[in-house]
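File shown here: upload.txt, holding compact mmCIF, C-alpha atoms.
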```txt
# COMPACT_ATOMS: atom_id res chain seq x y z
CA MET Y 1 144.32 148.47 99.69
CA ASP Y 2 145.04 146.41 102.78
CA GLU Y 3 144.67 142.65 103.10
CA ILE Y 4 141.58 142.76 105.32
CA ASN Y 5 139.66 144.89 102.81
CA LEU Y 6 140.62 142.55 99.98
CA LEU Y 7 139.53 139.54 102.01
CA GLU Y 8 136.22 141.22 102.93
CA LYS Y 9 135.52 141.90 99.25
CA GLN Y 10 136.14 138.23 98.47
CA LEU Y 11 133.92 137.23 101.40
CA ASN Y 12 131.11 139.45 100.11
CA ARG Y 13 131.53 137.88 96.68
CA MET Y 14 131.32 134.35 98.11
CA ARG Y 15 128.28 135.19 100.25
CA SER Y 16 126.58 136.64 97.16
CA MET Y 17 127.45 133.50 95.23
CA ASN Y 18 126.03 131.37 98.04
CA ARG Y 19 122.81 133.38 98.03
CA PHE Y 20 122.51 133.13 94.23
CA TYR Y 21 122.94 129.36 94.18
CA HIS Y 22 120.52 128.86 97.07
CA GLN Y 23 117.92 130.89 95.17
CA GLN Y 24 118.65 129.04 91.93
CA PHE Y 25 118.47 125.67 93.71
CA LEU Y 26 115.09 126.49 95.24
CA LEU Y 27 113.75 127.80 91.93
CA ASP Y 28 114.89 124.65 90.15
CA VAL Y 29 113.37 122.45 92.87
CA ARG Y 30 110.04 124.17 92.29
CA ILE Y 31 110.33 123.87 88.50
CA PHE Y 32 111.21 120.18 88.65
CA LEU Y 33 108.44 119.54 91.17
CA VAL Y 34 105.85 121.06 88.85
CA VAL Y 35 107.30 119.39 85.75
CA GLY Y 36 107.54 116.06 87.58
CA LEU Y 37 103.96 116.24 88.84
CA ILE Y 38 102.67 117.20 85.38
CA PHE Y 39 104.47 114.25 83.74
CA LEU Y 40 103.33 111.99 86.59
CA TYR Y 41 99.73 113.06 86.04
CA PHE Y 42 99.97 112.46 82.29
CA SER Y 43 101.59 109.06 82.89
CA PHE Y 44 98.27 107.81 84.29
CA THR Y 45 96.64 108.15 80.88
CA ASN Y 46 99.59 108.20 78.48
CA ASN Y 47 102.38 105.72 79.12
CA TYR Y 48 104.76 107.56 76.79
CA SER Y 49 104.94 110.54 79.14
CA ASN Y 50 107.02 108.24 81.37
CA TYR Y 51 109.93 108.93 79.03
CA LEU Y 52 109.72 112.63 79.86
CA LEU Y 53 109.29 111.91 83.55
CA ASN Y 54 112.33 109.64 83.50
CA LEU Y 55 114.60 112.07 81.66
CA SER Y 56 113.49 115.08 83.71
CA ALA Y 57 114.17 113.16 86.96
CA ILE Y 58 117.73 112.33 85.88
CA PHE Y 59 118.41 115.80 84.50
CA GLY Y 60 116.89 117.47 87.56
CA SER Y 61 119.03 115.46 89.96
CA VAL Y 62 122.22 116.36 88.09
CA LEU Y 63 121.30 120.04 87.93
CA LEU Y 64 120.43 120.21 91.63
CA ALA Y 65 123.70 118.46 92.50
CA PHE Y 66 125.48 121.07 90.39
CA HIS Y 67 123.97 123.80 92.56
CA ALA Y 68 124.98 121.89 95.70
CA TYR Y 69 128.51 121.72 94.30
CA TYR Y 70 128.69 125.52 94.20
CA LEU Y 71 127.06 125.87 97.61
CA ILE Y 72 129.70 123.60 99.14
CA PHE Y 73 132.45 125.52 97.35
CA SER Y 74 131.18 128.90 98.54
CA ARG Y 75 130.69 127.65 102.10
CA HIS Y 76 134.26 126.33 102.23
CA TYR Y 77 135.74 129.48 100.76
CA SER Y 78 133.61 131.75 102.98
CA GLU Y 79 134.74 129.84 106.06
CA TYR Y 80 138.36 130.13 104.97
CA LEU Y 81 137.99 133.89 104.43
CA GLU Y 82 136.23 134.43 107.78
CA LYS Y 83 138.90 132.50 109.66
CA ARG Y 84 141.64 134.39 107.84
CA ILE Y 85 140.10 137.78 108.67
CA ASN Y 86 139.53 136.72 112.29
CA LYS Y 87 143.17 135.70 112.54
CA LEU Y 88 144.37 139.03 111.12
CA VAL Y 89 142.06 141.03 113.40
CA GLY Y 90 142.85 138.87 116.42
CA SER Y 91 139.21 138.27 117.36
CA ASP Y 92 136.11 136.41 116.12
CA VAL Y 93 134.49 139.25 114.22
CA PHE Y 94 133.01 136.83 111.67
CA ILE Y 95 131.11 133.83 113.06
CA THR Y 96 128.74 132.98 110.20
CA HIS Y 97 130.73 129.85 109.36
CA LYS Y 98 130.29 128.64 112.95
CA LEU Y 99 126.54 129.23 112.80
CA GLU Y 100 126.25 127.46 109.45
CA ASN Y 101 128.27 124.49 110.69
CA ASN Y 102 126.09 124.09 113.78
CA TYR Y 103 122.70 124.94 112.30
CA MET Y 104 122.77 123.72 108.69
CA PHE Y 105 125.49 121.08 108.34
CA PRO Y 106 129.15 120.85 109.31
CA ILE Y 107 131.01 121.65 106.11
CA ASN Y 108 134.13 119.66 106.98
CA ASP Y 109 132.41 116.44 108.08
CA LYS Y 110 131.63 113.48 105.85
CA LYS Y 111 128.08 113.81 104.54
CA ILE Y 112 125.74 112.78 101.75
CA VAL Y 113 126.18 115.86 99.55
CA VAL Y 114 124.94 118.34 102.19
CA ALA Y 115 123.11 115.95 104.52
CA LYS Y 116 125.08 114.98 107.63
CA ILE Y 117 123.86 111.69 109.06
CA GLY Y 118 124.18 111.12 112.81
CA LYS Y 119 124.13 113.52 115.74
CA ASN Y 120 124.55 116.57 113.48
CA PHE Y 121 121.56 115.64 111.30
CA SER Y 122 119.46 118.74 110.66
CA TRP Y 123 116.30 119.92 108.97
CA PHE Y 124 118.53 121.03 106.09
CA GLY Y 125 119.75 117.43 105.75
CA PHE Y 126 116.21 116.08 105.94
CA VAL Y 127 114.97 118.40 103.19
CA THR Y 128 117.95 117.44 101.02
CA LEU Y 129 117.21 113.73 101.45
CA PHE Y 130 113.47 114.30 100.97
CA ILE Y 131 114.02 116.07 97.63
CA THR Y 132 116.46 113.34 96.60
CA PHE Y 133 114.08 110.49 97.41
CA PHE Y 134 111.13 112.29 95.83
CA GLY Y 135 113.05 112.61 92.56
CA LEU Y 136 114.30 109.04 92.84
CA SER Y 137 110.75 107.75 93.34
CA LEU Y 138 109.62 109.53 90.14
CA TYR Y 139 112.58 108.01 88.31
CA VAL Y 140 111.86 104.47 89.57
CA TYR Y 141 108.13 104.83 88.86
CA SER Y 142 108.80 105.95 85.28
CA LEU Y 143 111.44 103.26 84.75
CA TYR Y 144 109.06 100.57 85.97
CA ASN Y 145 106.36 101.79 83.57
CA ILE Y 146 108.75 102.00 80.65
CA TYR Y 147 109.99 98.48 81.28
CA PHE Y 148 106.69 96.74 82.05
CA LEU Y 149 103.98 98.81 80.33
CA ILE Y 150 105.76 100.12 77.24
CA GLN Y 151 108.22 97.22 77.27
CA ASN Y 152 111.06 99.29 75.91
CA LYS Y 153 114.00 97.39 77.31
CA LEU Y 154 116.60 99.33 75.31
CA PHE Y 155 115.52 102.67 76.82
CA THR Y 156 115.33 101.06 80.26
CA TYR Y 157 118.91 99.81 80.00
CA PHE Y 158 120.05 103.17 78.65
CA SER Y 159 118.33 104.98 81.52
CA VAL Y 160 119.82 102.64 84.13
CA PHE Y 161 123.25 103.10 82.52
CA ILE Y 162 122.94 106.91 82.73
CA PHE Y 163 121.71 106.61 86.33
CA LEU Y 164 124.63 104.37 87.31
CA ILE Y 165 127.20 106.65 85.69
CA THR Y 166 125.64 109.66 87.44
CA PHE Y 167 125.53 107.80 90.76
CA ILE Y 168 129.15 106.60 90.51
CA ILE Y 169 130.49 110.05 89.65
CA GLY Y 170 128.28 111.66 92.32
CA TYR Y 171 129.50 109.15 94.89
CA TRP Y 172 133.10 109.77 93.88
CA TRP Y 173 132.75 113.55 94.04
CA PHE Y 174 130.37 114.05 96.99
CA ILE Y 175 130.45 110.98 99.24
CA LYS Y 176 134.16 110.27 98.90
CA ASN Y 177 134.66 114.05 99.24
CA ILE Y 178 137.06 114.35 96.29
CA GLY Y 179 135.89 117.89 95.56
CA GLU Y 180 136.23 119.01 99.17
CA LYS Y 181 139.66 117.36 99.43
CA ARG Y 182 140.77 119.45 96.45
CA LEU Y 183 139.57 122.60 98.20
CA LYS Y 184 141.35 121.67 101.42
CA ASP Y 185 144.56 120.98 99.55
CA ALA Y 186 144.38 124.51 98.15
CA TYR Y 187 143.76 126.42 101.38
CA LEU Y 188 144.50 124.13 104.35
CA ASN Y 189 147.85 125.69 105.20
CA GLU Y 190 146.67 129.22 104.46
CA VAL Y 191 144.65 129.96 107.62
```

Please go through the file and, once you have read it, give me the structure as structure tokens.
Amino acid sequence: MDEINLLEKQLNRMRSMNRFYHQQFLLDVRIFLVVGLIFLYFSFTNNYSNYLLNLSAIFGSVLLAFHAYYLIFSRHYSEYLEKRINKLVGSDVFITHKLENNYMFPINDKKIVVAKIGKNFSWFGFVTLFITFFGLSLYVYSLYNIYFLIQNKLFTYFSVFIFLITFIIGYWWFIKNIGEKRLKDAYLNEV
């Protein structure tokens, strides 16, 4: 089997992976929206449901970031494969990576997970930030209620500790681009 066919099979695999994680991300967003709204509704009459709202907001954010992690990986690898095939063929037969970089978000630029701030800001970036701030508002609301209404300071400190650990690791991996640097180190000289 020749190199181009092998690369095309890998590209198909990565595009399938990208599709799967987009679908899973959107399904999970819907699930966490419904769960969050149910716990929010119950929090108006039962303060203890704030515990569930709090934990589901933290867990949901980590799970959605996990999906974003795979989306970024598959975008990087797909772009690498498309460029490699284009180089072997001697023409731009695959341009999906160019479309994604211009329309969704530039994969190689510094961004907040998948939201590029600045002139390349997109609807994709807005939706990402919207979902993030929606989840964060549920977390803050529940934390406020746990601290002031239930007055459980131990759980509040525990929740803030988990949030800070999650934020620090997320910042390290996504904002400082440690994960993407690792990918680039693996394939940068290959194209």

Legend entry - Residue with smallest distance to Y:Lys87 - pool Y:Tyr70, Y:Leu7, Y:Ile112, Y:Phe124, counting all atoms listed in the file: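 With all atoms listed in the file as the atom set, the closest residue is Y:Leu7.
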
Inset, instruction - Write out as a PyMOL selection string which residues come within 10 Å of Y:Met17 when counting only C-alpha atoms, dropping same-chain ones fewer than 6 positions away. - result: chain Y and resi 11+23+70-71+73-75

Write out as a JSON list (two decimals) with C-alpha atoms, in the coordinates of the input which residues come within 12 Å of stretch 155-168 of chain Y when counting only C-alpha atoms, dropping same-chain ones fewer than 6 positions away.
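Saved the output as around.json:
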```json
[["chain", "number", "residue", "atom", "x", "y", "z"],
["Y", 48, "TYR", "CA", 104.76, 107.56, 76.79],
["Y", 50, "ASN", "CA", 107.02, 108.24, 81.37],
["Y", 51, "TYR", "CA", 109.93, 108.93, 79.03],
["Y", 52, "LEU", "CA", 109.72, 112.63, 79.86],
["Y", 53, "LEU", "CA", 109.29, 111.91, 83.55],
["Y", 54, "ASN", "CA", 112.33, 109.64, 83.50],
["Y", 55, "LEU", "CA", 114.60, 112.07, 81.66],
["Y", 56, "SER", "CA", 113.49, 115.08, 83.71],
["Y", 57, "ALA", "CA", 114.17, 113.16, 86.96],
["Y", 58, "ILE", "CA", 117.73, 112.33, 85.88],
["Y", 59, "PHE", "CA", 118.41, 115.80, 84.50],
["Y", 60, "GLY", "CA", 116.89, 117.47, 87.56],
["Y", 61, "SER", "CA", 119.03, 115.46, 89.96],
["Y", 62, "VAL", "CA", 122.22, 116.36, 88.09],
["Y", 63, "LEU", "CA", 121.30, 120.04, 87.93],
["Y", 65, "ALA", "CA", 123.70, 118.46, 92.50],
["Y", 66, "PHE", "CA", 125.48, 121.07, 90.39],
["Y", 113, "VAL", "CA", 126.18, 115.86, 99.55],
["Y", 136, "LEU", "CA", 114.30, 109.04, 92.84],
["Y", 139, "TYR", "CA", 112.58, 108.01, 88.31],
["Y", 140, "VAL", "CA", 111.86, 104.47, 89.57],
["Y", 141, "TYR", "CA", 108.13, 104.83, 88.86],
["Y", 142, "SER", "CA", 108.80, 105.95, 85.28],
["Y", 143, "LEU", "CA", 111.44, 103.26, 84.75],
["Y", 144, "TYR", "CA", 109.06, 100.57, 85.97],
["Y", 145, "ASN", "CA", 106.36, 101.79, 83.57],
["Y", 146, "ILE", "CA", 108.75, 102.00, 80.65],
["Y", 147, "TYR", "CA", 109.99, 98.48, 81.28],
["Y", 148, "PHE", "CA", 106.69, 96.74, 82.05],
["Y", 149, "LEU", "CA", 103.98, 98.81, 80.33],
["Y", 174, "PHE", "CA", 130.37, 114.05, 96.99],
["Y", 175, "ILE", "CA", 130.45, 110.98, 99.24],
["Y", 176, "LYS", "CA", 134.16, 110.27, 98.90]]
```

Legend entry - For Y:Val114: contacts at 12 Å, all atoms listed in the file, fewer than 5 positions along chain excluded, given as a ChimeraX atom specification: /Y:64-65,67-73,75,100-101,104-109,120-129,132,174-175,177,180

Inset, instruction - Find the residue from Y:Ser78, Y:Asn47, Y:Asn5, Y:Gln151 that sits nearest to Y:Thr96; use all atoms listed in the file when measuring. - result: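 So, comparing all the options, the nearest one is Y:Ser78.
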
Legend entry - Proximity to Y:Tyr80 - best of Y:Ile95, Y:Ala115, Y:Val29, Y:Ile169, all atoms listed in the file: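 Checking each candidate against Y:Tyr80, we get Y:Ile95 as the closest.
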
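Each of Y:Arg30, Y:Lys110, Y:Arg84, Y:Arg19 was compared to Y:Glu3 using all atoms listed in the file, and Y:Arg84 turns out to be the nearest.
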